[in-house]
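Structure file data_17.cif (mmCIF, C-alpha atoms) is printed below.
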data_data
#
loop_
_atom_site.group_PDB
_atom_site.id
_atom_site.type_symbol
_atom_site.label_atom_id
_atom_site.label_comp_id
_atom_site.auth_asym_id
_atom_site.auth_seq_id
_atom_site.Cartn_x
_atom_site.Cartn_y
_atom_site.Cartn_z
ATOM 1 C CA GLY A 1 138.054 95.999 -71.951
ATOM 2 C CA ASP A 2 138.182 93.556 -69.099
ATOM 3 C CA ARG A 3 141.555 93.037 -67.402
ATOM 4 C CA ARG A 4 141.219 89.277 -67.430
ATOM 5 C CA ASP A 5 140.962 89.260 -71.224
ATOM 6 C CA ALA A 6 143.812 91.724 -71.671
ATOM 7 C CA SER A 7 146.153 89.875 -69.332
ATOM 8 C CA VAL A 8 146.242 86.877 -71.651
ATOM 9 C CA VAL A 9 149.021 88.561 -73.574
ATOM 10 C CA THR A 10 151.901 87.541 -75.844
ATOM 11 C CA ASP A 11 149.451 85.959 -78.296
ATOM 12 C CA ALA A 12 147.468 84.223 -75.501
ATOM 13 C CA LEU A 13 150.429 82.235 -74.226
ATOM 14 C CA ILE A 14 149.865 82.999 -70.527
ATOM 15 C CA TYR A 15 146.781 82.787 -68.375
ATOM 16 C CA PRO A 16 145.231 85.231 -65.884
ATOM 17 C CA SER A 17 144.770 84.225 -62.238
ATOM 18 C CA ARG A 18 147.388 81.504 -62.776
ATOM 19 C CA LEU A 19 151.091 80.905 -62.240
ATOM 20 C CA ASN A 20 152.994 80.871 -65.539
ATOM 21 C CA ALA A 21 156.722 80.389 -66.105
ATOM 22 C CA LEU A 22 159.493 81.322 -68.520
ATOM 23 C CA ASN A 23 162.475 79.005 -68.054
ATOM 24 C CA GLY A 24 165.797 79.369 -69.834
ATOM 25 C CA GLU A 25 169.537 79.791 -69.760
ATOM 26 C CA PRO A 26 171.009 83.054 -68.408
ATOM 27 C CA GLY A 27 171.035 85.714 -71.109
ATOM 28 C CA GLY A 28 168.678 83.692 -73.288
ATOM 29 C CA GLY A 29 165.970 86.321 -73.656
ATOM 30 C CA LYS A 30 163.589 85.521 -70.774
ATOM 31 C CA THR A 31 163.591 89.106 -69.493
ATOM 32 C CA TRP A 32 162.946 90.524 -72.967
ATOM 33 C CA VAL A 33 159.956 88.193 -73.383
ATOM 34 C CA ALA A 34 158.622 89.118 -69.942
ATOM 35 C CA LEU A 35 159.036 92.839 -70.636
ATOM 36 C CA HIS A 36 157.394 92.461 -74.054
ATOM 37 C CA THR A 37 154.446 90.971 -72.182
ATOM 38 C CA CYS A 38 154.468 93.982 -69.844
ATOM 39 C CA ALA A 39 154.657 96.340 -72.829
ATOM 40 C CA GLU A 40 151.606 94.688 -74.379
ATOM 41 C CA ALA A 41 149.667 95.200 -71.156
ATOM 42 C CA LEU A 42 150.754 98.855 -70.844
ATOM 43 C CA LYS A 43 149.874 99.667 -74.449
ATOM 44 C CA ALA A 44 146.440 98.124 -73.898
ATOM 45 C CA GLY A 45 145.894 100.544 -71.005
ATOM 46 C CA HIS A 46 146.466 98.058 -68.198
ATOM 47 C CA HIS A 47 148.843 97.989 -65.232
ATOM 48 C CA ALA A 48 151.848 95.687 -64.774
ATOM 49 C CA LEU A 49 153.886 94.996 -61.633
ATOM 50 C CA TYR A 50 157.516 93.901 -61.910
ATOM 51 C CA ILE A 51 159.245 92.334 -58.882
ATOM 52 C CA ASP A 52 162.912 92.521 -59.827
ATOM 53 C CA LEU A 53 165.638 90.584 -58.027
ATOM 54 C CA GLU A 54 168.075 90.392 -60.967
ATOM 55 C CA ASP A 55 168.500 93.852 -62.538
ATOM 56 C CA HIS A 56 168.047 97.547 -61.729
ATOM 57 C CA PRO A 57 165.279 100.057 -62.562
ATOM 58 C CA GLY A 58 167.254 102.049 -65.158
ATOM 59 C CA SER A 59 167.894 98.934 -67.223
ATOM 60 C CA ILE A 60 164.290 97.747 -67.019
ATOM 61 C CA VAL A 61 162.856 101.142 -67.998
ATOM 62 C CA GLY A 62 165.381 101.380 -70.825
ATOM 63 C CA ARG A 63 164.238 98.037 -72.165
ATOM 64 C CA LEU A 64 160.569 99.034 -71.977
ATOM 65 C CA LYS A 65 161.330 102.181 -73.979
ATOM 66 C CA ALA A 66 163.244 100.089 -76.515
ATOM 67 C CA LEU A 67 160.093 97.967 -76.840
ATOM 68 C CA GLY A 68 158.114 101.069 -77.767
ATOM 69 C CA CYS A 69 156.575 102.101 -74.451
ATOM 70 C CA ALA A 70 156.163 105.853 -73.933
ATOM 71 C CA GLY A 71 157.522 107.453 -70.779
ATOM 72 C CA GLY A 72 154.033 108.443 -69.697
ATOM 73 C CA GLU A 73 152.757 104.875 -70.006
ATOM 74 C CA ILE A 74 155.629 103.608 -67.888
ATOM 75 C CA LEU A 75 155.167 106.264 -65.189
ATOM 76 C CA GLU A 76 151.437 105.729 -64.989
ATOM 77 C CA ARG A 77 150.996 101.983 -65.342
ATOM 78 C CA PHE A 78 154.323 100.177 -64.761
ATOM 79 C CA HIS A 79 155.001 99.468 -61.094
ATOM 80 C CA TYR A 80 158.502 98.399 -60.104
ATOM 81 C CA VAL A 81 159.480 96.662 -56.872
ATOM 82 C CA GLN A 82 163.057 95.711 -55.972
ATOM 83 C CA PRO A 83 163.138 93.979 -52.592
ATOM 84 C CA GLY A 84 166.346 94.627 -50.699
ATOM 85 C CA LYS A 85 165.560 92.048 -48.056
ATOM 86 C CA ALA A 86 163.116 89.226 -47.408
ATOM 87 C CA MET A 87 159.573 90.281 -48.238
ATOM 88 C CA SER A 88 157.669 90.808 -45.003
ATOM 89 C CA ILE A 89 153.957 90.638 -44.255
ATOM 90 C CA LYS A 90 153.903 94.421 -44.583
ATOM 91 C CA ALA A 91 155.595 94.304 -48.002
ATOM 92 C CA MET A 92 153.156 91.686 -49.251
ATOM 93 C CA ALA A 93 150.233 93.746 -47.969
ATOM 94 C CA TYR A 94 151.517 96.741 -49.964
ATOM 95 C CA ILE A 95 151.859 94.685 -53.164
ATOM 96 C CA GLU A 96 148.400 93.153 -52.718
ATOM 97 C CA HIS A 97 146.960 96.643 -52.178
ATOM 98 C CA GLN A 98 148.580 97.816 -55.427
ATOM 99 C CA ILE A 99 147.144 94.870 -57.347
ATOM 100 C CA ARG A 100 143.633 95.420 -56.006
ATOM 101 C CA THR A 101 143.434 99.194 -56.284
ATOM 102 C CA LEU A 102 145.145 99.472 -59.682
ATOM 103 C CA ASP A 103 143.521 96.361 -61.138
ATOM 104 C CA VAL A 104 146.940 95.020 -62.115
ATOM 105 C CA ALA A 105 146.752 92.646 -65.086
ATOM 106 C CA LEU A 106 150.241 91.173 -64.962
ATOM 107 C CA VAL A 107 152.860 90.408 -62.304
ATOM 108 C CA VAL A 108 156.402 89.346 -63.238
ATOM 109 C CA ILE A 109 158.834 87.858 -60.706
ATOM 110 C CA ASP A 110 162.408 87.901 -61.983
ATOM 111 C CA SER A 111 163.520 85.399 -60.805
ATOM 112 C CA ILE A 112 161.917 82.730 -58.610
ATOM 113 C CA GLY A 113 165.356 81.356 -57.694
ATOM 114 C CA GLU A 114 166.551 84.737 -56.417
ATOM 115 C CA LEU A 115 163.265 85.209 -54.551
ATOM 116 C CA ALA A 116 163.781 81.863 -52.807
ATOM 117 C CA SER A 117 167.311 82.913 -51.861
ATOM 118 C CA LEU A 118 166.143 86.286 -50.552
ATOM 119 C CA GLN A 119 163.418 84.659 -48.473
ATOM 120 C CA GLY A 120 165.884 82.144 -47.024
ATOM 121 C CA THR A 121 163.907 79.277 -48.523
ATOM 122 C CA LYS A 122 165.698 75.949 -48.340
ATOM 123 C CA ASP A 123 165.882 73.785 -51.440
ATOM 124 C CA ASN A 124 163.393 71.134 -50.407
ATOM 125 C CA ASP A 125 159.837 70.336 -51.454
ATOM 126 C CA GLU A 126 158.151 71.552 -48.275
ATOM 127 C CA GLU A 127 159.833 74.959 -48.102
ATOM 128 C CA MET A 128 159.578 75.643 -51.840
ATOM 129 C CA ALA A 129 155.887 74.738 -51.803
ATOM 130 C CA ARG A 130 155.435 77.166 -48.906
ATOM 131 C CA LEU A 131 157.210 79.932 -50.862
ATOM 132 C CA TYR A 132 154.966 79.444 -53.884
ATOM 133 C CA ARG A 133 151.903 79.438 -51.653
ATOM 134 C CA LEU A 134 152.835 82.567 -49.683
ATOM 135 C CA ILE A 135 153.955 84.817 -52.528
ATOM 136 C CA PRO A 136 153.263 84.045 -56.229
ATOM 137 C CA ARG A 137 150.123 81.947 -55.765
ATOM 138 C CA ARG A 138 148.713 84.469 -53.313
ATOM 139 C CA LEU A 139 149.197 87.208 -55.925
ATOM 140 C CA ALA A 140 147.637 85.136 -58.712
ATOM 141 C CA LYS A 141 144.502 84.619 -56.617
ATOM 142 C CA LEU A 142 143.917 88.366 -56.864
ATOM 143 C CA GLY A 143 143.419 88.032 -60.616
ATOM 144 C CA PRO A 144 146.573 88.939 -62.554
ATOM 145 C CA ALA A 145 148.592 86.591 -64.707
ATOM 146 C CA VAL A 146 151.753 85.879 -62.713
ATOM 147 C CA VAL A 147 154.898 85.081 -64.716
ATOM 148 C CA LEU A 148 157.862 83.495 -62.934
ATOM 149 C CA LEU A 149 161.280 83.636 -64.557
ATOM 150 C CA ASP A 150 163.649 80.782 -63.754
ATOM 151 C CA HIS A 151 167.177 79.872 -64.816
ATOM 152 C CA VAL A 152 168.232 76.486 -66.137
ATOM 153 C CA PRO A 153 171.861 75.327 -66.444
ATOM 154 C CA LYS A 154 173.673 76.625 -69.522
ATOM 155 C CA ASN A 155 174.389 73.949 -72.124
ATOM 156 C CA LYS A 156 175.886 74.976 -75.462
ATOM 157 C CA ASP A 157 175.508 71.625 -77.211
ATOM 158 C CA THR A 158 172.022 70.355 -76.468
ATOM 159 C CA ALA A 159 168.601 71.735 -75.780
ATOM 160 C CA ALA A 160 168.104 72.612 -72.128
ATOM 161 C CA PRO A 161 165.660 70.684 -69.925
ATOM 162 C CA LEU A 162 162.148 72.118 -69.861
ATOM 163 C CA PHE A 163 162.495 73.000 -66.175
ATOM 164 C CA GLY A 164 165.516 73.798 -64.047
ATOM 165 C CA ILE A 165 166.750 72.459 -60.738
ATOM 166 C CA GLY A 166 163.921 71.184 -58.544
ATOM 167 C CA SER A 167 161.934 70.654 -61.715
ATOM 168 C CA GLN A 168 159.160 68.457 -60.353
ATOM 169 C CA ARG A 169 158.052 70.817 -57.589
ATOM 170 C CA LYS A 170 158.348 73.821 -59.904
ATOM 171 C CA LYS A 171 156.368 72.051 -62.597
ATOM 172 C CA ALA A 172 153.718 71.017 -60.086
ATOM 173 C CA ALA A 173 153.348 74.630 -58.884
ATOM 174 C CA ILE A 174 152.505 75.953 -62.356
ATOM 175 C CA ASP A 175 148.747 75.981 -62.909
ATOM 176 C CA GLY A 176 148.885 78.061 -66.095
ATOM 177 C CA ALA A 177 151.552 77.528 -68.748
ATOM 178 C CA ALA A 178 155.332 77.205 -68.706
ATOM 179 C CA TYR A 179 157.768 77.607 -71.571
ATOM 180 C CA MET A 180 161.438 77.007 -72.185
ATOM 181 C CA VAL A 181 162.976 80.064 -73.849
ATOM 182 C CA GLU A 182 165.502 78.765 -76.400
ATOM 183 C CA THR A 183 167.893 80.930 -78.390
ATOM 184 C CA VAL A 184 167.932 79.950 -82.044
ATOM 185 C CA LYS A 185 169.976 82.926 -83.225
ATOM 186 C CA PRO A 186 171.484 85.404 -80.718
ATOM 187 C CA PHE A 187 170.581 89.046 -81.256
ATOM 188 C CA ALA A 188 172.571 92.212 -80.590
ATOM 189 C CA ALA A 189 172.185 95.961 -81.104
ATOM 190 C CA ASP A 190 172.934 95.557 -84.815
ATOM 191 C CA THR A 191 172.004 91.905 -85.376
ATOM 192 C CA PRO A 192 168.485 90.427 -85.720
ATOM 193 C CA GLY A 193 167.881 87.228 -83.787
ATOM 194 C CA LYS A 194 165.333 84.552 -83.049
ATOM 195 C CA ILE A 195 164.123 82.670 -79.984
ATOM 196 C CA VAL A 196 161.423 80.062 -79.554
ATOM 197 C CA LEU A 197 159.101 79.196 -76.692
ATOM 198 C CA ARG A 198 158.924 75.427 -76.189
ATOM 199 C CA THR A 199 156.005 74.207 -74.099
ATOM 200 C CA ALA A 200 156.997 72.741 -70.746
ATOM 201 C CA LYS A 201 153.463 72.650 -69.339
ATOM 202 C CA ASP A 202 150.026 73.900 -70.339
ATOM 203 C CA ARG A 203 147.148 73.215 -67.975
ATOM 204 C CA ASN A 204 144.593 74.325 -70.582
ATOM 205 C CA GLY A 205 145.978 71.958 -73.208
ATOM 206 C CA ASN A 206 146.304 74.550 -75.980
ATOM 207 C CA PHE A 207 149.949 73.593 -76.633
ATOM 208 C CA VAL A 208 151.669 70.203 -76.709
ATOM 209 C CA VAL A 209 154.444 69.652 -74.160
ATOM 210 C CA GLY A 210 157.832 69.507 -75.847
ATOM 211 C CA HIS A 211 156.582 71.266 -78.961
ATOM 212 C CA ILE A 212 157.253 74.872 -79.953
ATOM 213 C CA ALA A 213 154.320 77.100 -79.016
ATOM 214 C CA ALA A 214 155.661 80.298 -80.550
ATOM 215 C CA GLU A 215 158.588 81.800 -82.384
ATOM 216 C CA ILE A 216 159.828 85.303 -81.638
ATOM 217 C CA ASP A 217 161.799 87.332 -84.159
ATOM 218 C CA LEU A 218 163.854 90.123 -82.565
ATOM 219 C CA THR A 219 164.724 93.012 -84.867
ATOM 220 C CA PRO A 220 166.884 95.902 -83.577
ATOM 221 C CA GLN A 221 166.296 99.357 -85.027
ATOM 222 C CA SER A 222 167.784 102.848 -84.561
ATOM 223 C CA GLY A 223 171.209 101.506 -83.692
ATOM 224 C CA GLY A 224 169.845 99.279 -80.927
ATOM 225 C CA ASP A 225 167.650 101.913 -79.284
ATOM 226 C CA ARG A 226 164.524 100.109 -80.482
ATOM 227 C CA LEU A 227 163.741 96.384 -80.461
ATOM 228 C CA ILE A 228 160.797 94.865 -82.299
ATOM 229 C CA LEU A 229 159.544 91.522 -80.981
ATOM 230 C CA ASP A 230 157.332 89.669 -83.423
ATOM 231 C CA VAL A 231 155.567 86.770 -81.680
ATOM 232 C CA HIS A 232 154.012 84.306 -84.096
ATOM 233 C CA ALA A 233 153.020 80.676 -84.568
ATOM 234 C CA PRO A 234 155.826 78.237 -85.424
ATOM 235 C CA GLU A 235 157.103 78.492 -88.993
ATOM 236 C CA LEU A 236 156.306 75.540 -91.258
ATOM 237 C CA ASP A 237 158.532 74.065 -93.934
ATOM 238 C CA GLY A 238 157.443 73.373 -97.508
ATOM 239 C CA SER A 239 155.777 70.086 -96.534
ATOM 240 C CA GLY A 240 153.728 71.622 -93.721
ATOM 241 C CA MET A 241 155.903 70.353 -90.871
ATOM 242 C CA VAL A 242 157.129 72.654 -88.087
ATOM 243 C CA ARG A 243 160.533 74.013 -89.111
ATOM 244 C CA GLN A 244 163.084 72.559 -86.669
ATOM 245 C CA THR A 245 165.077 75.765 -86.182
ATOM 246 C CA THR A 246 166.515 74.943 -82.742
ATOM 247 C CA ASN A 247 167.602 71.458 -83.762
ATOM 248 C CA MET A 248 168.991 72.615 -87.103
ATOM 249 C CA GLY A 249 171.141 75.051 -85.154
ATOM 250 C CA ILE A 250 172.409 72.214 -82.933
ATOM 251 C CA VAL A 251 173.375 70.110 -85.958
ATOM 252 C CA SER A 252 174.979 73.077 -87.734
ATOM 253 C CA ARG A 253 177.145 74.010 -84.745
ATOM 254 C CA PHE A 254 178.213 70.404 -84.286
ATOM 255 C CA LEU A 255 179.169 69.913 -87.944
ATOM 256 C CA GLU A 256 181.108 73.180 -87.978
ATOM 257 C CA GLY A 257 183.463 71.680 -85.400
ATOM 258 C CA MET A 258 183.974 68.361 -87.195
ATOM 259 C CA PRO A 259 186.824 67.565 -89.614
ATOM 260 C CA GLY A 260 185.590 68.327 -93.114
ATOM 261 C CA ARG A 261 182.362 69.614 -91.479
ATOM 262 C CA SER A 262 181.030 66.053 -91.918
ATOM 263 C CA ALA A 263 179.621 63.352 -89.640
ATOM 264 C CA ASN A 264 177.393 60.288 -89.681
ATOM 265 C CA ARG A 265 174.068 59.769 -87.942
ATOM 266 C CA GLN A 266 175.443 58.375 -84.691
ATOM 267 C CA GLN A 267 178.042 61.130 -84.390
ATOM 268 C CA ILE A 268 175.373 63.799 -84.830
ATOM 269 C CA ILE A 269 173.173 62.160 -82.193
ATOM 270 C CA ASP A 270 176.145 61.872 -79.831
ATOM 271 C CA GLY A 271 176.810 65.548 -80.556
ATOM 272 C CA GLY A 272 173.506 66.662 -79.047
ATOM 273 C CA LEU A 273 170.581 65.942 -81.383
ATOM 274 C CA HIS A 274 167.919 63.634 -79.959
ATOM 275 C CA GLN A 275 167.513 60.579 -82.183
ATOM 276 C CA ARG A 276 163.746 61.046 -82.478
ATOM 277 C CA HIS A 277 164.355 64.332 -84.336
ATOM 278 C CA PHE A 278 167.165 63.102 -86.577
ATOM 279 C CA ARG A 279 165.217 62.122 -89.687
ATOM 280 C CA GLU A 280 163.051 65.233 -89.856
ATOM 281 C CA VAL A 281 165.858 67.658 -89.000
ATOM 282 C CA THR A 282 168.287 66.272 -91.553
ATOM 283 C CA ARG A 283 165.510 66.110 -94.165
ATOM 284 C CA GLN A 284 164.761 69.788 -93.646
ATOM 285 C CA MET A 285 168.428 70.761 -93.663
ATOM 286 C CA GLU A 286 169.030 68.874 -96.896
ATOM 287 C CA SER A 287 165.921 70.260 -98.613
ATOM 288 C CA GLU A 288 166.870 73.813 -97.615
ATOM 289 C CA GLY A 289 170.457 73.392 -98.787
ATOM 290 C CA TRP A 290 172.293 73.591 -95.440
ATOM 291 C CA VAL A 291 173.703 70.073 -95.697
ATOM 292 C CA THR A 292 174.405 67.509 -98.364
ATOM 293 C CA VAL A 293 173.999 63.770 -97.802
ATOM 294 C CA ARG A 294 176.299 61.165 -99.317
ATOM 295 C CA LYS A 295 174.836 57.666 -99.237
ATOM 296 C CA GLY A 296 177.093 55.161 -97.566
ATOM 297 C CA GLY A 297 176.088 52.104 -99.527
ATOM 298 C CA PRO A 298 175.489 48.595 -98.143
ATOM 299 C CA GLY A 299 176.612 48.327 -94.537
ATOM 300 C CA LYS A 300 177.998 51.862 -94.418
ATOM 301 C CA ALA A 301 176.572 54.965 -92.748
ATOM 302 C CA ASP A 302 175.447 58.005 -94.719
ATOM 303 C CA THR A 303 177.625 61.099 -94.370
ATOM 304 C CA TYR A 304 176.130 64.530 -93.654
ATOM 305 C CA THR A 305 178.246 67.538 -94.689
ATOM 306 C CA LEU A 306 177.534 71.147 -93.762
ATOM 307 C CA VAL A 307 177.354 73.396 -96.821
ATOM 308 C CA ARG A 308 176.661 76.636 -94.960
ATOM 309 C CA PRO A 309 176.188 77.474 -91.262
ATOM 310 C CA PHE A 310 172.474 77.450 -90.504
ATOM 311 C CA ASP A 311 170.797 80.859 -90.272
ATOM 312 C CA ALA A 312 167.354 80.671 -88.657
ATOM 313 C CA LEU A 313 166.293 83.977 -90.197
ATOM 314 C CA MET A 314 166.666 82.593 -93.720
ATOM 315 C CA PRO A 315 164.062 80.244 -95.258
ATOM 316 C CA SER A 316 166.855 78.303 -97.000
ATOM 317 C CA ALA A 317 170.593 78.412 -97.639
ATOM 318 C CA ASN A 318 169.855 79.378 -101.234
ATOM 319 C CA THR A 319 168.518 82.780 -100.150
ATOM 320 C CA ILE A 320 171.905 83.814 -98.716
ATOM 321 C CA GLN A 321 174.152 85.762 -101.053
ATOM 322 C CA GLU A 322 177.647 84.405 -101.628
ATOM 323 C CA ASP A 323 179.236 87.683 -100.506
ATOM 324 C CA GLU A 324 177.785 87.231 -97.031
ATOM 325 C CA PHE A 325 180.360 84.509 -96.334
#
Any chance you could put this one into C-alpha cells?
Amino acid sequence: GDRRDASVVTDALIYPSRLNALNGEPGGGKTWVALHTCAEALKAGHHALYIDLEDHPGSIVGRLKALGCAGGEILERFHYVQPGKAMSIKAMAYIEHQIRTLDVALVVIDSIGELASLQGTKDNDEEMARLYRLIPRRLAKLGPAVVLLDHVPKNKDTAAPLFGIGSQRKKAAIDGAAYMVETVKPFAADTPGKIVLRTAKDRNGNFVVGHIAAEIDLTPQSGGDRLILDVHAPELDGSGMVRQTTNMGIVSRFLEGMPGRSANRQQIIDGGLHQRHFREVTRQMESEGWVTVRKGGPGKADTYTLVRPFDALMPSANTIQEDEF
C-alpha cells in the first residue's frame, strides 16, 4: 500500500506530511503511545525513524518487542538516531537521505524540549520557530508523519494543560494533530492500566479540542514481557454520553483524602474538577455506584460520599467483587 495511507496510524489519529504532537506529564505513557505507532508502521511493512534524546537503544528495542514487533522487523525497518551533540547540516542531510531512500512513513522526536536544549535554542518565539522550521517541519515536508513528544508540568490533582511551557508557539507549529496523554489508571508489569488522548489541536477538524479522541487500554502479559495496547473510540455510558474516566478519577482521589470520604460541590471543584464537568461526572459516578449523594435540603449543599475508589477498567462499582477490597 501507499506510505501516506499507512502513516496515518494509531486509528488515524496522526497525519502524514504534518507535525503532530503527544503532550503529557513525565512517565505518563507518551513514549509507549509513540512506540505503538511505530510498531503499527513496522507491522504494516513500513519504515519508522526514532530520534531519541530521552532514553537509550536497549530500552526502546525492548519496548518494541514487548509491543509484539519481531527482531527482524526492528532490524530491517526501525531506524534509531541518538544525537550526542547539536544536529549539524551533515546530520540532517543523513536523516533526510534515510527518509527519502527508505520511504520512511513515521518520524518520532522524543522530546522536542530536549532537542531544543541540545541545539542551544533559546526559549523565545523567534528561536523556537526557527528550530521547528529547520528540523521537524523540514522532515515532515519529505512526506512522513512527524510526532513530537513534549513534557508538561506534573500535577497530581487536576488535568494538565493541553500544551506545555511555550504553549502558544508550540500549538501554532502543529499543522496536524496534538493530544494530551492523560493517565486514567497507571499500569505496571502485572497491572492493567488506561490512558486517554485528549485533543489539543486538530487541523483537519476530525476531533473536538478538549474532548477525548481515543482511549487506550494497556494490558501486560507474560509477566510484563508483553504489552497489548488497545486503541479505541471513547467509551460511552448507559445514556450515550462519553464516560468521564479522567474526571471521575480526579473526584475519586480527592474524596479519598477527605474526612469521611465526603465533600460538597464547591469542595470538589476546589479540589480539581472543573465546574463545567461537575454535573455530568457526579451523575455518572452515582449511576455507576462509585458515590452516593445525600440531598442537603433547602439552603444546604448536597453531600457526595465515595463508596469505592474509582477503577477506570470497570464499567461500574457493582462489577467489583467485595474480596478485591
inquiry  = Between A:Ala312, A:Leu115, A:Met258, A:Ala188, which residue has the minimum interatomic distance to Glu235 of chain A, considering only C-alpha atoms?
reply    =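 Among the listed residues, the smallest separation from Glu235 of chain A belongs to A:Ala312.
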message = Applying the PyMOL selection byres ((chain A and resi 152) around 6) to the file I just gave you, which residues come out? Please list them as a PyMOL selection string.
response = chain A and resi 24-25+151+153+164
Sel. within 6 Å of pt (157.2, 93.4, -64.1), counting only C-alpha atoms, output as a PyMOL selection string = chain A and resi 48-51+107-108
With the PyMOL selection byres ((chain A and resi 136-140) around 9) as the selection, what would be picked from this file? Answer as a PDB file with C-alpha atoms, in the coordinates of the input, please.
ATOM      1  CA  PRO A  16     145.231  85.231 -65.884  1.00  0.00           C
ATOM      2  CA  SER A  17     144.770  84.225 -62.238  1.00  0.00           C
ATOM      3  CA  ARG A  18     147.388  81.504 -62.776  1.00  0.00           C
ATOM      4  CA  LEU A  19     151.091  80.905 -62.240  1.00  0.00           C
ATOM      5  CA  MET A  92     153.156  91.686 -49.251  1.00  0.00           C
ATOM      6  CA  ILE A  95     151.859  94.685 -53.164  1.00  0.00           C
ATOM      7  CA  GLU A  96     148.400  93.153 -52.718  1.00  0.00           C
ATOM      8  CA  ILE A  99     147.144  94.870 -57.347  1.00  0.00           C
ATOM      9  CA  VAL A 107     152.860  90.408 -62.304  1.00  0.00           C
ATOM     10  CA  ILE A 109     158.834  87.858 -60.706  1.00  0.00           C
ATOM     11  CA  LEU A 131     157.210  79.932 -50.862  1.00  0.00           C
ATOM     12  CA  TYR A 132     154.966  79.444 -53.884  1.00  0.00           C
ATOM     13  CA  ARG A 133     151.903  79.438 -51.653  1.00  0.00           C
ATOM     14  CA  LEU A 134     152.835  82.567 -49.683  1.00  0.00           C
ATOM     15  CA  ILE A 135     153.955  84.817 -52.528  1.00  0.00           C
ATOM     16  CA  LYS A 141     144.502  84.619 -56.617  1.00  0.00           C
ATOM     17  CA  LEU A 142     143.917  88.366 -56.864  1.00  0.00           C
ATOM     18  CA  GLY A 143     143.419  88.032 -60.616  1.00  0.00           C
ATOM     19  CA  PRO A 144     146.573  88.939 -62.554  1.00  0.00           C
ATOM     20  CA  ALA A 145     148.592  86.591 -64.707  1.00  0.00           C
ATOM     21  CA  VAL A 146     151.753  85.879 -62.713  1.00  0.00           C
ATOM     22  CA  VAL A 147     154.898  85.081 -64.716  1.00  0.00           C
ATOM     23  CA  LEU A 148     157.862  83.495 -62.934  1.00  0.00           C
ATOM     24  CA  ALA A 173     153.348  74.630 -58.884  1.00  0.00           C
TER      25      ALA A 173
END
inquiry  = So the first atom is atom CA of His46 of chain A and the second is atom CA of Ala91 of chain A; what is the distance between them in Å, to one decimal place?
reply    =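 If I compute the distance from atom CA of His46 of chain A to atom CA of Ala91 of chain A, I get 22.5 Å.
For the pair atom CA of Gly84 of chain A and atom CA of Asp52 of chain A, the separation is 10.0 Å.
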message = Just checking: using only C-alpha atoms, which residue out of A:Asn124, A:Ser316, A:Gln221, A:Asn206 ends up closest to Met248 of chain A?
response =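 Ranking A:Asn124, A:Ser316, A:Gln221, A:Asn206 by distance to Met248 of chain A, first place goes to A:Ser316.
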message = Under the PyMOL selection byres ((chain A and resi 264) around 9), which residues of this model are included? Write them out as a count of residues only.
response = 12
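When atom CA of Asp190 of chain A is paired with atom CA of Gly249 of chain A, their separation reads 20.6 Å.
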task = May I have the residues within 10 Å of Glu256 of chain A as JSON, numbers by chain, using all atoms listed in the file and disregarding those fewer than 2 positions away in the same chain?
result = {"A": [251, 252, 253, 254, 258, 259, 260, 261, 262, 305, 306, 307, 308, 309, 310]}
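Residue nearest Asp103 of chain A within the list A:Glu54, A:Ala178, A:Gly45, A:Ala39: A:Gly45 [criterion: smallest interatomic distance, all atoms listed in the file].
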Shell of 10 Å around Val231 of chain A, all atoms listed in the file, local chain residues under 2 positions omitted, as an mmCIF file with C-alpha atoms, keeping the file's coordinate frame:
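Heads up, here's the output in around_33.cif:
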data_model
loop_
_atom_site.group_PDB
_atom_site.id
_atom_site.type_symbol
_atom_site.label_atom_id
_atom_site.label_comp_id
_atom_site.auth_asym_id
_atom_site.auth_seq_id
_atom_site.Cartn_x
_atom_site.Cartn_y
_atom_site.Cartn_z
ATOM 1 C CA THR A 10 151.901 87.541 -75.844
ATOM 2 C CA ASP A 11 149.451 85.959 -78.296
ATOM 3 C CA VAL A 33 159.956 88.193 -73.383
ATOM 4 C CA HIS A 36 157.394 92.461 -74.054
ATOM 5 C CA ILE A 195 164.123 82.670 -79.984
ATOM 6 C CA VAL A 196 161.423 80.062 -79.554
ATOM 7 C CA LEU A 197 159.101 79.196 -76.692
ATOM 8 C CA ALA A 214 155.661 80.298 -80.550
ATOM 9 C CA GLU A 215 158.588 81.800 -82.384
ATOM 10 C CA ILE A 216 159.828 85.303 -81.638
ATOM 11 C CA ASP A 217 161.799 87.332 -84.159
ATOM 12 C CA LEU A 218 163.854 90.123 -82.565
ATOM 13 C CA ILE A 228 160.797 94.865 -82.299
ATOM 14 C CA LEU A 229 159.544 91.522 -80.981
ATOM 15 C CA ALA A 233 153.020 80.676 -84.568
ATOM 16 C CA PRO A 234 155.826 78.237 -85.424
#
task = Would you list the contacts of His277 of chain A as a list of chain:residue names, taking every protein, DNA or RNA residue within 12 Å and counting all atoms listed in the file, but skipping same-chain residues closer than 3 positions in sequence?
result = A:Gly210, A:His211, A:Val242, A:Arg243, A:Gln244, A:Thr245, A:Thr246, A:Asn247, A:Met248, A:Ile250, A:Val251, A:Arg265, A:Ile268, A:Ile269, A:Gly272, A:Leu273, A:His274, A:Glu280, A:Val281, A:Thr282, A:Arg283, A:Gln284
request  = Check the smallest atom-to-atom distance from each of A:Ile174, A:Leu35, A:Met241, A:Leu75 to Ile60 of chain A using all atoms listed in the file, then report the winner.
outcome  =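 Of the candidates, the smallest distance to Ile60 of chain A is held by A:Leu35.
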